[in-house]
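Everything below concerns the one structure shown next.
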Amino acid sequence: MNTGGRVLRRIGVAAAAVALLVLLPVSTAFAQPSGGVVHAFFITADVGSGPGPILFHGAINAACTEILGNNVDQVVCPNGTFDVNHSANGGTPSFNLNPVTCIATVQIVGVPFSFQNGTGAYAGIGGNGLATIRVNQVLPRNSDGSCNTSETAQPVAGLEVITATANVSFAT
């Protein structure tokens, strides 16, 4: 029985999105010249949708847009761009399904990613970190009333939240 295969597969692309954001309102965007720790937060109402907002605080303070790719996402900020490479495998997944509500929860902790190809304020960016991806989806029901966990089942609704922390550096 493949109870989480579809959800996990769809998360792969979004996880790659390397949701690097943090829930802090930021009015200006800038990078600290020496680097340091950065926290990120990304939320979307549909798994793998994009482009989407991504918020950073710490060594990068910016409200940006993330354009999802298969293995590399592009982050576009007011003062430059950079890529988030999430091609490395890793992370510990867990899956839970409430058979009464058909709400499925998938969480993957420790998803690796790295920064590269910066422009503007992010020229020379480097570093890596780990993300946590949490997806909640309402699964459709089969004709007998049970939850449809098929990989081809289209979720009724969903919400994805990605949080991440990384150490970054910038070329001097």
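Identifiers in this document derive from the order of the structure tokens: chains are assigned A, B, ..., residues are numbered from 1 separately in each chain, and ligands are numbered from 1 in order of occurrence.
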Non-local contacts of region 87-91 of chain A (7 Å; only C-alpha atoms; under 6 positions in same chain excluded) as an MDAnalysis selection string
chainID A and resid 16 71:72 108:113
Given the selection you just returned, output its residues as a file containing C-alpha atoms, formatted as an mmCIF file, in the first residue's frame.
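Saved file selection.cif follows:
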data_model
loop_
_atom_site.group_PDB
_atom_site.id
_atom_site.type_symbol
_atom_site.label_atom_id
_atom_site.label_comp_id
_atom_site.auth_asym_id
_atom_site.auth_seq_id
_atom_site.Cartn_x
_atom_site.Cartn_y
_atom_site.Cartn_z
ATOM 1 C CA ALA A 16 13.829 21.445 -3.838
ATOM 2 C CA ASN A 71 16.972 20.511 -8.850
ATOM 3 C CA VAL A 72 17.773 24.214 -8.634
ATOM 4 C CA ILE A 108 10.651 15.639 5.849
ATOM 5 C CA VAL A 109 13.318 16.822 8.281
ATOM 6 C CA GLY A 110 16.949 17.498 7.307
ATOM 7 C CA VAL A 111 16.608 18.153 3.566
ATOM 8 C CA PRO A 112 20.024 19.438 2.354
ATOM 9 C CA PHE A 113 20.472 22.433 0.046
#
In terms of only C-alpha atoms, the residue from A:Asn117, A:Thr92, A:Val37, A:Ala123 at minimal distance from Asp73 (chain A) is A:Asn117
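The residue that comes closest to Gly127 (chain A), out of A:Leu139, A:Leu55, A:Ala171, A:Ile103 and on the basis of only C-alpha atoms, is A:Ala171.
Ranking A:Ala62, A:Val135, A:Leu159, A:Ala153 by their shortest atom-to-atom distance to Val38 (chain A), with only C-alpha atoms included, puts A:Ala62 first.
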Pull the strand (DSSP E or B) assignments for region 31-169 of chain A out of DSSP run on the backbone, and list those residues as a PyMOL selection string.
chain A and resi 31+36-44+52-58+60-67+72-77+80-85+92-98+103-116+126-138+141+147+157-169
Distance CA of Thr81 (chain A)-CA of Thr44 (chain A), one decimal place?
20.7 Å
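Closest to Glu160 (chain A) among A:Ala59, A:Ile133, A:Cys64, A:Cys77 is A:Ile133, based on only C-alpha atoms.
Among the candidate residues A:Asn98, A:Gly52, A:Ser114, A:Asn79, the one lying nearest to Glu66 (chain A) is A:Gly52, with distances computed using only C-alpha atoms.
Pairwise distance (CA of Asn85 (chain A), CA of Asn136 (chain A)) equals 24.1 Å.
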From the list A:Thr149, A:Ser143, A:Thr119, A:Ser169, which residue is nearest Phe95 (chain A) when using only C-alpha atoms?
A:Thr149
